[in-house]
Amino acid sequence: MTSSSAARNQHLDELRALMASHSPPIHALLIPSEDAHQSEYVSERDKRRQFLSGFTGSAGLALITTREALLWTDGRYFLQAINQLSDRWRLMRMGEDPPVEVWIADNLADEAIIGIDSWCISVDSAQRYEQAFLKKNQTLFQLSSDLVDAVWKHRPPNDATPVIVHPIEFAGRSVAQKMKELREKLQHEKASGIIITALDEVAWLYNVRGNDVHYSPVVHSYAIVTLHGAFFYVDKRKVTTEVKNYMAEIGIDIREYDMVQLDVSLLASGQLKGSAVNGSLLMEKDINVAEHSKIWIDSNSCCLALYSKLRPDQALMLQSPIALPKAVKNPMELNGLRKAHIRDGTAVVQYLAWLDNQMQENYGASGYFSEANGSQKKDNLEIKLTEVSVSDKLEAFRAEKEHFKGLSFPTISSVGPNAAIIHYSPDANTCAELDADKIYLCDSGAQYLDGTTDITRTVHFGKPSEHQKSCYTAVLKGHIALDAAVFPNGTTAYGHSLASQQVRPSFESWRFKLHMAGHALDILARTPLWKSGLDYRHGTGHGIGSYLNVHEGPHLISFRPSARNVPLQASMTVTDEPGYYEDGNFGIRLENVLIVKEADTKFNFGEKGYLSFEHITWAQLSEEGLRFHNAPYQTKLINTALLTPAEIEWVNVYHSDCQKILESYLNVQEKEWLRKATEPITASS
């Protein structure tokens, strides 16, 4: 047993002792991955589930009972969890095993008390649990403090990194514009105010950024906006003179982070007062309090601790009115994303060219282009290429680019069997060395002031097997099918017009501009894999922030039911990333970022309009504007006999554009490498 495993076992024992001595005794303790803002990526001090279990994946839920320790996670992390959990833990596979609330209701005793830190659970989750617990009269108990913190002796401190004003030349819209539209939505729903808890929504609304969470340029904060006031809750140590003046100019009150719960109580009682806001829709004296009695929360992101300060009949629980405006990029944001992807695509090409050279020189590999048999690694290597060292090199190429601020998520740099771990995270002390005879998958991205990037390429520097080629080609065919899709506007996942459904009336400009749900498009990327009996355990696409979270909702392209909820619409961004993974052998994934755009179709059945995609994983300057793409696909991994003529043309056009767009940013050697990597492919017999 390692020292870290022994320490975690001790923490489990200490935690159970605290549970037993608590009044009332806690029979089971829920430990989510999320922080008080329901974030996907959290700060080091908020990684309670990771601290206790040793599992480092971004998604998961731990349950500690008096005798068992269980961890739920999704298909992206099954292999990783198996490798990281000790024998005192039991892995529960989401989608295969019962959900946590069902397991509790079926396995724990009548009237069992299940503890939870009410700051770290959403209203949706809490209400779902409470409904399940009715079966045995079990209780979801809100703890006054997090019990994990009591056993975490060296919990990281709360650093005071400064809040940063995000310039209008990158944001594209002023706070005044956003606030005016938000207040119109509040008035339309007869709400007196809204509690905003999601970190990226606060950052987007107030045009600020921060460094409180690795990979996500957000600041730990809340916002409350009423018809006559606006508030920003943040650790005031993070507020510079510039930020203080900026907030004063736009009429936003800055308050201490910990004051939010008290102010929610004041909001609920109609006593929350602040300075007048420039451009506010209504002055306080003009508000009919009786008509505007609701307080808007997004029950998927608002925590139970804040919701508990409202009367149940007072909460207006709807999707955040900020989610869609943030997801639908304005022209300046789209141009920024396109330009960011030019620089990012350049870095990825430079990296692949460098890695190809290193693999040939030091590992005797046949290289990116050749399929010659055999490889001979040099003795006494001066430079050992590992999953971590090569990903560091990729980061270095990106760091040279304008507006670079950091990575957008931990780079998934994975060799051979590690590539089958969908969200593999290499450790410098234990990671694999590159191998010319194994597939290499690299999923990476960066944060630039003008945009966020995410790209995956899979390559082989030796001789790939025919099976690997056929799998790669199936993934590529799915990737192309989604990219080339044209689909009707105003259609749900089941092909019905949204206008005929019982959708609650709301503000037309943001709720009724609905388009085809990502749930319906997911099948396009999977069909080529299904034809061979293959599949993958993750969604096909997610939204991308504008110098914000790399995974941005509310839309998805996925098999999950939640993808039915928010149809796609023009100017949204979404990834296209099908894959295939063989446990213990290899993994393949290809990913570009796309923009949803209006399609120019010959006909327009039903006068509903049609949509399609444009790439951003590179960018092209033309009379029509900017278009994006990124790095080439490795043609030696493609079995062209499995491609249709249209698919072959798609690859060739993509590669031709890629060369034209990126070559001016490369040196002579890199240009030659890209020229060779983008040579046209032809059908083979």
# chains A, B, ... in the order shown; residues from 1 in each chain; ligands from 1

call {"tool": "residues_around", "arguments": {"residues": "region 218-223 of chain A", "least_positions_apart": "6", "cutoff": "6 Å", "atoms": "only C-alpha atoms", "output": "PyMOL selection string"}}
result
chain A and resi 196-197+209-212+231-234

call {"tool": "write_last_selection", "arguments": {"atoms": "N, CA, C and O atoms", "output": "CSV table (one decimal), in the first residue's frame"}}
result
chain,number,residue,atom,x,y,z
A,196,ILE,N,-27.5,34.8,-9.8
A,196,ILE,CA,-26.6,34.2,-10.8
A,196,ILE,C,-25.4,33.6,-10.0
A,196,ILE,O,-24.6,34.2,-9.4
A,197,THR,N,-25.3,32.3,-10.2
A,197,THR,CA,-24.3,31.5,-9.4
A,197,THR,C,-23.2,30.9,-10.3
A,197,THR,O,-22.1,30.6,-9.8
A,209,ARG,N,-12.9,38.7,-16.0
A,209,ARG,CA,-12.3,37.4,-16.0
A,209,ARG,C,-11.5,37.3,-14.7
A,209,ARG,O,-11.2,38.3,-14.0
A,210,GLY,N,-10.9,36.1,-14.5
A,210,GLY,CA,-10.1,35.9,-13.3
A,210,GLY,C,-9.2,34.7,-13.4
A,210,GLY,O,-9.1,34.1,-14.5
A,211,ASN,N,-8.6,34.3,-12.4
A,211,ASN,CA,-7.6,33.2,-12.4
A,211,ASN,C,-7.8,32.3,-11.2
A,211,ASN,O,-6.9,31.7,-10.7
A,212,ASP,N,-9.1,32.2,-10.7
A,212,ASP,CA,-9.4,31.4,-9.5
A,212,ASP,C,-9.4,29.9,-9.8
A,212,ASP,O,-9.3,29.1,-8.8
A,231,PHE,N,-25.4,43.6,-8.1
A,231,PHE,CA,-24.5,43.4,-7.1
A,231,PHE,C,-23.4,42.3,-7.5
A,231,PHE,O,-23.8,41.4,-8.3
A,232,PHE,N,-22.2,42.5,-7.1
A,232,PHE,CA,-21.1,41.6,-7.5
A,232,PHE,C,-20.5,41.1,-6.1
A,232,PHE,O,-19.9,42.0,-5.4
A,233,TYR,N,-20.6,39.8,-5.9
A,233,TYR,CA,-20.1,39.3,-4.6
A,233,TYR,C,-18.8,38.6,-4.8
A,233,TYR,O,-18.7,37.6,-5.5
A,234,VAL,N,-17.7,39.1,-4.3
A,234,VAL,CA,-16.4,38.7,-4.5
A,234,VAL,C,-15.5,39.0,-3.3
A,234,VAL,O,-15.7,39.9,-2.6

call {"tool": "residues_around", "arguments": {"residues": "Asp356 (chain A)", "least_positions_apart": "2", "cutoff": "8 Å", "atoms": "only C-alpha atoms", "output": "list in words"}}
result
Leu352, Ala353, Trp354, Gln358, Met359, Gln360, Gly367, Tyr368 and Phe461 of chain A

call {"tool": "residues_around", "arguments": {"residues": "region 579-588 of chain A", "least_positions_apart": "6", "cutoff": "6 Å", "atoms": "only C-alpha atoms", "output": "ChimeraX atom specification"}}
result
/A:416-417,419-420,458,475,536

call {"tool": "select_by_dssp", "arguments": {"residues": "region 175-405 of chain A", "states": "strand (DSSP E)", "output": "ChimeraX atom specification"}}
result
/A:191-196,208-209,221-226,230-234,253-255,294-297,315-317,404-405

call {"tool": "write_last_selection", "arguments": {"atoms": "N, CA and C atoms", "output": "PDB file, in the first residue's frame"}}
result
ATOM      1  N   ALA A 191     -40.461  38.855 -12.527  1.00  0.00           N
ATOM      2  CA  ALA A 191     -39.492  38.565 -11.473  1.00  0.00           C
ATOM      3  C   ALA A 191     -38.867  39.857 -10.983  1.00  0.00           C
ATOM      4  N   SER A 192     -38.636  39.946  -9.689  1.00  0.00           N
ATOM      5  CA  SER A 192     -38.022  41.145  -9.123  1.00  0.00           C
ATOM      6  C   SER A 192     -36.508  41.102  -9.186  1.00  0.00           C
ATOM      7  N   GLY A 193     -35.957  39.903  -9.366  1.00  0.00           N
ATOM      8  CA  GLY A 193     -34.508  39.784  -9.415  1.00  0.00           C
ATOM      9  C   GLY A 193     -34.082  38.388  -9.807  1.00  0.00           C
ATOM     10  N   ILE A 194     -32.779  38.220  -9.993  1.00  0.00           N
ATOM     11  CA  ILE A 194     -32.204  36.936 -10.357  1.00  0.00           C
ATOM     12  C   ILE A 194     -30.928  36.726  -9.565  1.00  0.00           C
ATOM     13  N   ILE A 195     -30.712  35.491  -9.121  1.00  0.00           N
ATOM     14  CA  ILE A 195     -29.477  35.095  -8.441  1.00  0.00           C
ATOM     15  C   ILE A 195     -28.642  34.319  -9.445  1.00  0.00           C
ATOM     16  N   ILE A 196     -27.464  34.825  -9.760  1.00  0.00           N
ATOM     17  CA  ILE A 196     -26.589  34.205 -10.763  1.00  0.00           C
ATOM     18  C   ILE A 196     -25.421  33.554 -10.035  1.00  0.00           C
ATOM     19  N   VAL A 208     -15.927  40.487 -16.931  1.00  0.00           N
ATOM     20  CA  VAL A 208     -14.729  40.332 -16.107  1.00  0.00           C
ATOM     21  C   VAL A 208     -14.198  38.910 -16.275  1.00  0.00           C
ATOM     22  N   ARG A 209     -12.944  38.738 -15.956  1.00  0.00           N
ATOM     23  CA  ARG A 209     -12.329  37.423 -15.959  1.00  0.00           C
ATOM     24  C   ARG A 209     -11.453  37.316 -14.714  1.00  0.00           C
ATOM     25  N   SER A 221     -17.317  34.165  -7.601  1.00  0.00           N
ATOM     26  CA  SER A 221     -18.199  35.312  -7.395  1.00  0.00           C
ATOM     27  C   SER A 221     -19.646  34.911  -7.635  1.00  0.00           C
ATOM     28  N   TYR A 222     -20.534  35.743  -7.154  1.00  0.00           N
ATOM     29  CA  TYR A 222     -21.963  35.644  -7.432  1.00  0.00           C
ATOM     30  C   TYR A 222     -22.427  36.998  -7.962  1.00  0.00           C
ATOM     31  N   ALA A 223     -23.597  36.981  -8.574  1.00  0.00           N
ATOM     32  CA  ALA A 223     -24.238  38.237  -8.970  1.00  0.00           C
ATOM     33  C   ALA A 223     -25.710  38.164  -8.597  1.00  0.00           C
ATOM     34  N   ILE A 224     -26.239  39.265  -8.142  1.00  0.00           N
ATOM     35  CA  ILE A 224     -27.683  39.443  -8.003  1.00  0.00           C
ATOM     36  C   ILE A 224     -28.045  40.674  -8.818  1.00  0.00           C
ATOM     37  N   VAL A 225     -29.015  40.507  -9.691  1.00  0.00           N
ATOM     38  CA  VAL A 225     -29.492  41.623 -10.500  1.00  0.00           C
ATOM     39  C   VAL A 225     -30.988  41.773 -10.241  1.00  0.00           C
ATOM     40  N   THR A 226     -31.398  42.976  -9.904  1.00  0.00           N
ATOM     41  CA  THR A 226     -32.813  43.285  -9.727  1.00  0.00           C
ATOM     42  C   THR A 226     -33.223  44.295 -10.786  1.00  0.00           C
ATOM     43  N   ALA A 230     -27.781  46.117  -9.059  1.00  0.00           N
ATOM     44  CA  ALA A 230     -26.915  45.009  -9.468  1.00  0.00           C
ATOM     45  C   ALA A 230     -25.780  44.882  -8.466  1.00  0.00           C
ATOM     46  N   PHE A 231     -25.414  43.638  -8.142  1.00  0.00           N
ATOM     47  CA  PHE A 231     -24.454  43.367  -7.076  1.00  0.00           C
ATOM     48  C   PHE A 231     -23.448  42.317  -7.542  1.00  0.00           C
ATOM     49  N   PHE A 232     -22.221  42.492  -7.106  1.00  0.00           N
ATOM     50  CA  PHE A 232     -21.107  41.595  -7.453  1.00  0.00           C
ATOM     51  C   PHE A 232     -20.482  41.144  -6.148  1.00  0.00           C
ATOM     52  N   TYR A 233     -20.571  39.835  -5.855  1.00  0.00           N
ATOM     53  CA  TYR A 233     -20.083  39.281  -4.592  1.00  0.00           C
ATOM     54  C   TYR A 233     -18.751  38.587  -4.844  1.00  0.00           C
ATOM     55  N   VAL A 234     -17.703  39.138  -4.255  1.00  0.00           N
ATOM     56  CA  VAL A 234     -16.356  38.666  -4.524  1.00  0.00           C
ATOM     57  C   VAL A 234     -15.473  38.994  -3.327  1.00  0.00           C
ATOM     58  N   ASP A 253     -22.744  47.388  -7.432  1.00  0.00           N
ATOM     59  CA  ASP A 253     -22.244  47.376  -6.054  1.00  0.00           C
ATOM     60  C   ASP A 253     -21.347  46.162  -5.839  1.00  0.00           C
ATOM     61  N   ILE A 254     -20.159  46.388  -5.293  1.00  0.00           N
ATOM     62  CA  ILE A 254     -19.251  45.298  -4.953  1.00  0.00           C
ATOM     63  C   ILE A 254     -19.450  44.948  -3.486  1.00  0.00           C
ATOM     64  N   ARG A 255     -19.715  43.688  -3.214  1.00  0.00           N
ATOM     65  CA  ARG A 255     -19.903  43.242  -1.835  1.00  0.00           C
ATOM     66  C   ARG A 255     -19.047  42.010  -1.581  1.00  0.00           C
ATOM     67  N   LYS A 294     -41.497  37.201  -7.979  1.00  0.00           N
ATOM     68  CA  LYS A 294     -40.679  36.009  -8.178  1.00  0.00           C
ATOM     69  C   LYS A 294     -39.188  36.357  -8.183  1.00  0.00           C
ATOM     70  N   ILE A 295     -38.377  35.379  -7.765  1.00  0.00           N
ATOM     71  CA  ILE A 295     -36.916  35.501  -7.844  1.00  0.00           C
ATOM     72  C   ILE A 295     -36.422  34.358  -8.717  1.00  0.00           C
ATOM     73  N   TRP A 296     -35.749  34.725  -9.776  1.00  0.00           N
ATOM     74  CA  TRP A 296     -35.314  33.756 -10.795  1.00  0.00           C
ATOM     75  C   TRP A 296     -34.048  33.046 -10.321  1.00  0.00           C
ATOM     76  N   ILE A 297     -34.071  31.731 -10.396  1.00  0.00           N
ATOM     77  CA  ILE A 297     -32.852  30.931 -10.207  1.00  0.00           C
ATOM     78  C   ILE A 297     -32.818  29.861 -11.278  1.00  0.00           C
ATOM     79  N   ALA A 315     -39.607  31.084  -5.769  1.00  0.00           N
ATOM     80  CA  ALA A 315     -38.549  30.780  -6.731  1.00  0.00           C
ATOM     81  C   ALA A 315     -39.134  30.532  -8.119  1.00  0.00           C
ATOM     82  N   LEU A 316     -38.621  31.270  -9.088  1.00  0.00           N
ATOM     83  CA  LEU A 316     -38.939  31.036 -10.490  1.00  0.00           C
ATOM     84  C   LEU A 316     -37.801  30.188 -11.052  1.00  0.00           C
ATOM     85  N   MET A 317     -38.044  28.894 -11.185  1.00  0.00           N
ATOM     86  CA  MET A 317     -36.979  27.972 -11.570  1.00  0.00           C
ATOM     87  C   MET A 317     -37.040  27.693 -13.067  1.00  0.00           C
ATOM     88  N   PHE A 404      -2.109  34.582 -25.780  1.00  0.00           N
ATOM     89  CA  PHE A 404      -2.154  33.318 -25.037  1.00  0.00           C
ATOM     90  C   PHE A 404      -2.200  33.589 -23.534  1.00  0.00           C
ATOM     91  N   LYS A 405      -3.130  32.904 -22.844  1.00  0.00           N
ATOM     92  CA  LYS A 405      -3.277  33.067 -21.399  1.00  0.00           C
ATOM     93  C   LYS A 405      -3.100  31.767 -20.633  1.00  0.00           C
TER      94      LYS A 405
END

call {"tool": "atom_distance", "arguments": {"atom1": "CA of Asn207 (chain A)", "atom2": "CA of Ser269 (chain A)"}}
result
29.2 Å

call {"tool": "atom_distance", "arguments": {"atom1": "CA of Ile544 (chain A)", "atom2": "CA of Ala160 (chain A)"}}
result
26.9 Å

call {"tool": "closest_atom_pairs", "arguments": {"of": "region 80-197 of chain A", "to": "region 30-53 of chain A", "cutoff": "6 Å", "atoms": "only C-alpha atoms", "output": "tab-separated table"}}
result
residue	atom	partner	partner_atom	distance
A:Ile116	CA	A:Leu30	CA	5.4
A:Trp119	CA	A:Ala36	CA	4.8
A:Cys120	CA	A:Ala36	CA	4.7
A:Arg155	CA	A:Arg45	CA	5.8
A:Pro156	CA	A:Arg45	CA	4.9
A:Thr197	CA	A:His37	CA	5.4

call {"tool": "write_last_selection", "arguments": {"atoms": "N, CA and C atoms", "output": "PDB file, in the first residue's frame"}}
result
ATOM      1  N   ILE A 116     -25.208  16.286   3.399  1.00  0.00           N
ATOM      2  CA  ILE A 116     -24.722  16.971   2.202  1.00  0.00           C
ATOM      3  C   ILE A 116     -24.296  18.387   2.575  1.00  0.00           C
ATOM      4  N   TRP A 119     -23.963  23.832  -0.045  1.00  0.00           N
ATOM      5  CA  TRP A 119     -23.353  24.746  -1.012  1.00  0.00           C
ATOM      6  C   TRP A 119     -22.901  23.995  -2.265  1.00  0.00           C
ATOM      7  N   CYS A 120     -22.712  22.698  -2.155  1.00  0.00           N
ATOM      8  CA  CYS A 120     -22.098  21.933  -3.242  1.00  0.00           C
ATOM      9  C   CYS A 120     -23.079  21.010  -3.957  1.00  0.00           C
ATOM     10  N   ARG A 155      -5.554  21.660   3.538  1.00  0.00           N
ATOM     11  CA  ARG A 155      -6.361  22.141   2.420  1.00  0.00           C
ATOM     12  C   ARG A 155      -5.731  23.412   1.849  1.00  0.00           C
ATOM     13  N   PRO A 156      -5.623  23.508   0.526  1.00  0.00           N
ATOM     14  CA  PRO A 156      -4.988  24.690  -0.077  1.00  0.00           C
ATOM     15  C   PRO A 156      -5.688  25.975   0.342  1.00  0.00           C
ATOM     16  N   THR A 197     -25.303  32.252 -10.173  1.00  0.00           N
ATOM     17  CA  THR A 197     -24.300  31.508  -9.412  1.00  0.00           C
ATOM     18  C   THR A 197     -23.207  30.898 -10.280  1.00  0.00           C
TER      19      THR A 197
END

call {"tool": "closest_atom_pairs", "arguments": {"of": "region 149-222 of chain A", "to": "region 7-17 of chain A", "cutoff": "12 Å", "atoms": "only C-alpha atoms", "output": "JSON lines"}}
result
{"residue": "A:Asp149", "atom": "CA", "partner": "A:Leu15", "partner_atom": "CA", "distance": 9.7}
{"residue": "A:Ala150", "atom": "CA", "partner": "A:Leu15", "partner_atom": "CA", "distance": 8.2}
{"residue": "A:Val151", "atom": "CA", "partner": "A:His11", "partner_atom": "CA", "distance": 6.2}
{"residue": "A:Trp152", "atom": "CA", "partner": "A:His11", "partner_atom": "CA", "distance": 7.9}
{"residue": "A:Lys153", "atom": "CA", "partner": "A:His11", "partner_atom": "CA", "distance": 9.9}

call {"tool": "write_last_selection", "arguments": {"atoms": "N, CA, C and O atoms", "output": "PDB file, in the first residue's frame"}}
result
ATOM      1  N   ASP A 149     -13.816  18.923   4.958  1.00  0.00           N
ATOM      2  CA  ASP A 149     -12.861  19.980   5.318  1.00  0.00           C
ATOM      3  C   ASP A 149     -12.253  19.735   6.697  1.00  0.00           C
ATOM      4  O   ASP A 149     -11.111  20.139   6.966  1.00  0.00           O
ATOM      5  N   ALA A 150     -13.003  19.079   7.574  1.00  0.00           N
ATOM      6  CA  ALA A 150     -12.518  18.835   8.934  1.00  0.00           C
ATOM      7  C   ALA A 150     -11.392  17.807   8.969  1.00  0.00           C
ATOM      8  O   ALA A 150     -10.575  17.817   9.899  1.00  0.00           O
ATOM      9  N   VAL A 151     -11.339  16.919   7.965  1.00  0.00           N
ATOM     10  CA  VAL A 151     -10.262  15.917   7.939  1.00  0.00           C
ATOM     11  C   VAL A 151      -9.162  16.298   6.942  1.00  0.00           C
ATOM     12  O   VAL A 151      -8.136  15.634   6.869  1.00  0.00           O
ATOM     13  N   TRP A 152      -9.384  17.364   6.197  1.00  0.00           N
ATOM     14  CA  TRP A 152      -8.401  17.833   5.208  1.00  0.00           C
ATOM     15  C   TRP A 152      -7.488  18.843   5.907  1.00  0.00           C
ATOM     16  O   TRP A 152      -7.706  20.039   5.876  1.00  0.00           O
ATOM     17  N   LYS A 153      -6.447  18.336   6.510  1.00  0.00           N
ATOM     18  CA  LYS A 153      -5.593  19.161   7.379  1.00  0.00           C
ATOM     19  C   LYS A 153      -4.789  20.201   6.613  1.00  0.00           C
ATOM     20  O   LYS A 153      -4.462  21.259   7.149  1.00  0.00           O
TER      21      LYS A 153
END

call {"tool": "atom_distance", "arguments": {"atom1": "CA of Leu182 (chain A)", "atom2": "CA of Ser299 (chain A)"}}
result
17.7 Å

call {"tool": "closest_residue", "arguments": {"among": "A:Ser125, A:Thr56, A:Gln138, A:Ser444", "to": "Glu395 (chain A)", "atoms": "only C-alpha atoms"}}
result
A:Ser444

call {"tool": "select_by_dssp", "arguments": {"residues": "region 166-353 of chain A", "states": "alpha helix (DSSP H)", "output": "PyMOL selection string"}}
result
chain A and resi 168-171+175-188+199-206+241-249+260-268+304-307+323-327+331-353

call {"tool": "closest_residue", "arguments": {"among": "A:Ala525, A:Val348, A:Ala112, A:Ile439", "to": "Thr456 (chain A)", "atoms": "only C-alpha atoms"}}
result
A:Val348

call {"tool": "residues_around", "arguments": {"residues": "Ser308 (chain A)", "least_positions_apart": "3", "cutoff": "12 Å", "atoms": "only C-alpha atoms", "output": "mmCIF file with N, CA, C and O atoms, in the first residue's frame"}}
result
data_model
loop_
_atom_site.group_PDB
_atom_site.id
_atom_site.type_symbol
_atom_site.label_atom_id
_atom_site.label_comp_id
_atom_site.auth_asym_id
_atom_site.auth_seq_id
_atom_site.Cartn_x
_atom_site.Cartn_y
_atom_site.Cartn_z
ATOM 1 N N SER A 118 -24.704 21.795 1.626
ATOM 2 C CA SER A 118 -25.747 22.389 0.793
ATOM 3 C C SER A 118 -25.215 23.419 -0.193
ATOM 4 O O SER A 118 -25.934 23.826 -1.105
ATOM 5 N N TRP A 119 -23.963 23.832 -0.045
ATOM 6 C CA TRP A 119 -23.353 24.746 -1.012
ATOM 7 C C TRP A 119 -22.901 23.995 -2.265
ATOM 8 O O TRP A 119 -22.702 24.614 -3.316
ATOM 9 N N ILE A 121 -24.368 21.280 -3.815
ATOM 10 C CA ILE A 121 -25.370 20.487 -4.519
ATOM 11 C C ILE A 121 -26.395 21.442 -5.132
ATOM 12 O O ILE A 121 -26.805 22.425 -4.515
ATOM 13 N N SER A 122 -26.782 21.163 -6.360
ATOM 14 C CA SER A 122 -27.761 22.017 -7.038
ATOM 15 C C SER A 122 -29.161 21.729 -6.514
ATOM 16 O O SER A 122 -29.437 20.678 -5.933
ATOM 17 N N VAL A 123 -30.044 22.666 -6.760
ATOM 18 C CA VAL A 123 -31.443 22.483 -6.374
ATOM 19 C C VAL A 123 -32.037 21.288 -7.103
ATOM 20 O O VAL A 123 -32.760 20.470 -6.510
ATOM 21 N N ALA A 126 -30.779 18.072 -5.443
ATOM 22 C CA ALA A 126 -31.349 17.919 -4.101
ATOM 23 C C ALA A 126 -32.807 17.475 -4.176
ATOM 24 O O ALA A 126 -33.236 16.570 -3.441
ATOM 25 N N GLN A 127 -33.570 18.083 -5.054
ATOM 26 C CA GLN A 127 -34.978 17.719 -5.155
ATOM 27 C C GLN A 127 -35.151 16.309 -5.724
ATOM 28 O O GLN A 127 -36.064 15.580 -5.315
ATOM 29 N N GLN A 142 -28.958 18.966 5.514
ATOM 30 C CA GLN A 142 -28.018 20.032 5.178
ATOM 31 C C GLN A 142 -27.052 20.266 6.336
ATOM 32 O O GLN A 142 -27.455 20.714 7.412
ATOM 33 N N GLN A 261 -25.375 35.056 0.960
ATOM 34 C CA GLN A 261 -26.495 34.362 1.583
ATOM 35 C C GLN A 261 -27.403 35.340 2.338
ATOM 36 O O GLN A 261 -28.631 35.256 2.251
ATOM 37 N N LEU A 262 -26.788 36.285 3.045
ATOM 38 C CA LEU A 262 -27.573 37.301 3.742
ATOM 39 C C LEU A 262 -28.359 38.147 2.751
ATOM 40 O O LEU A 262 -29.546 38.433 2.959
ATOM 41 N N VAL A 264 -29.378 37.306 -0.236
ATOM 42 C CA VAL A 264 -30.482 36.534 -0.816
ATOM 43 C C VAL A 264 -31.686 36.582 0.121
ATOM 44 O O VAL A 264 -32.835 36.707 -0.325
ATOM 45 N N SER A 265 -31.429 36.506 1.424
ATOM 46 C CA SER A 265 -32.520 36.631 2.393
ATOM 47 C C SER A 265 -33.177 38.004 2.296
ATOM 48 O O SER A 265 -34.407 38.130 2.348
ATOM 49 N N ALA A 268 -35.252 38.147 -0.792
ATOM 50 C CA ALA A 268 -36.505 37.408 -0.621
ATOM 51 C C ALA A 268 -37.540 38.217 0.141
ATOM 52 O O ALA A 268 -38.750 38.080 -0.093
ATOM 53 N N ILE A 297 -34.071 31.731 -10.396
ATOM 54 C CA ILE A 297 -32.852 30.931 -10.207
ATOM 55 C C ILE A 297 -32.818 29.861 -11.278
ATOM 56 O O ILE A 297 -33.857 29.406 -11.759
ATOM 57 N N SER A 299 -32.159 26.223 -11.482
ATOM 58 C CA SER A 299 -32.077 25.151 -10.485
ATOM 59 C C SER A 299 -30.983 24.139 -10.792
ATOM 60 O O SER A 299 -30.648 23.315 -9.944
ATOM 61 N N CYS A 302 -27.913 26.788 -9.322
ATOM 62 C CA CYS A 302 -28.067 27.407 -8.009
ATOM 63 C C CYS A 302 -27.955 26.356 -6.917
ATOM 64 O O CYS A 302 -28.560 25.282 -7.002
ATOM 65 N N CYS A 303 -27.196 26.642 -5.890
ATOM 66 C CA CYS A 303 -26.981 25.658 -4.825
ATOM 67 C C CYS A 303 -28.148 25.658 -3.840
ATOM 68 O O CYS A 303 -28.890 26.638 -3.711
ATOM 69 N N LEU A 304 -28.272 24.556 -3.137
ATOM 70 C CA LEU A 304 -29.352 24.390 -2.169
ATOM 71 C C LEU A 304 -29.259 25.425 -1.051
ATOM 72 O O LEU A 304 -30.280 25.884 -0.533
ATOM 73 N N ALA A 305 -28.041 25.821 -0.674
ATOM 74 C CA ALA A 305 -27.857 26.771 0.426
ATOM 75 C C ALA A 305 -28.544 28.102 0.135
ATOM 76 O O ALA A 305 -29.173 28.691 1.021
ATOM 77 N N ARG A 311 -38.694 31.384 -0.244
ATOM 78 C CA ARG A 311 -39.910 30.596 -0.073
ATOM 79 C C ARG A 311 -40.097 29.736 -1.317
ATOM 80 O O ARG A 311 -39.831 30.198 -2.438
ATOM 81 N N PRO A 312 -40.555 28.495 -1.162
ATOM 82 C CA PRO A 312 -40.726 27.635 -2.337
ATOM 83 C C PRO A 312 -41.591 28.263 -3.426
ATOM 84 O O PRO A 312 -41.320 28.077 -4.620
ATOM 85 N N ASP A 313 -42.629 29.016 -3.032
ATOM 86 C CA ASP A 313 -43.511 29.617 -4.020
ATOM 87 C C ASP A 313 -42.923 30.891 -4.624
ATOM 88 O O ASP A 313 -43.504 31.492 -5.536
ATOM 89 N N GLN A 314 -41.761 31.300 -4.126
ATOM 90 C CA GLN A 314 -41.133 32.541 -4.571
ATOM 91 C C GLN A 314 -40.142 32.300 -5.705
ATOM 92 O O GLN A 314 -39.858 33.198 -6.495
ATOM 93 N N ALA A 315 -39.607 31.084 -5.769
ATOM 94 C CA ALA A 315 -38.549 30.780 -6.731
ATOM 95 C C ALA A 315 -39.134 30.532 -8.119
ATOM 96 O O ALA A 315 -40.016 29.697 -8.308
#

call {"tool": "residues_around", "arguments": {"residues": "Thr240 (chain A)", "least_positions_apart": "2", "cutoff": "10 Å", "atoms": "only C-alpha atoms", "output": "list in words"}}
result
Pro162, Val163, Ile164, Val165, Lys236, Arg237, Lys238, Glu242, Val243, Lys244, Asn245 and Tyr246 of chain A
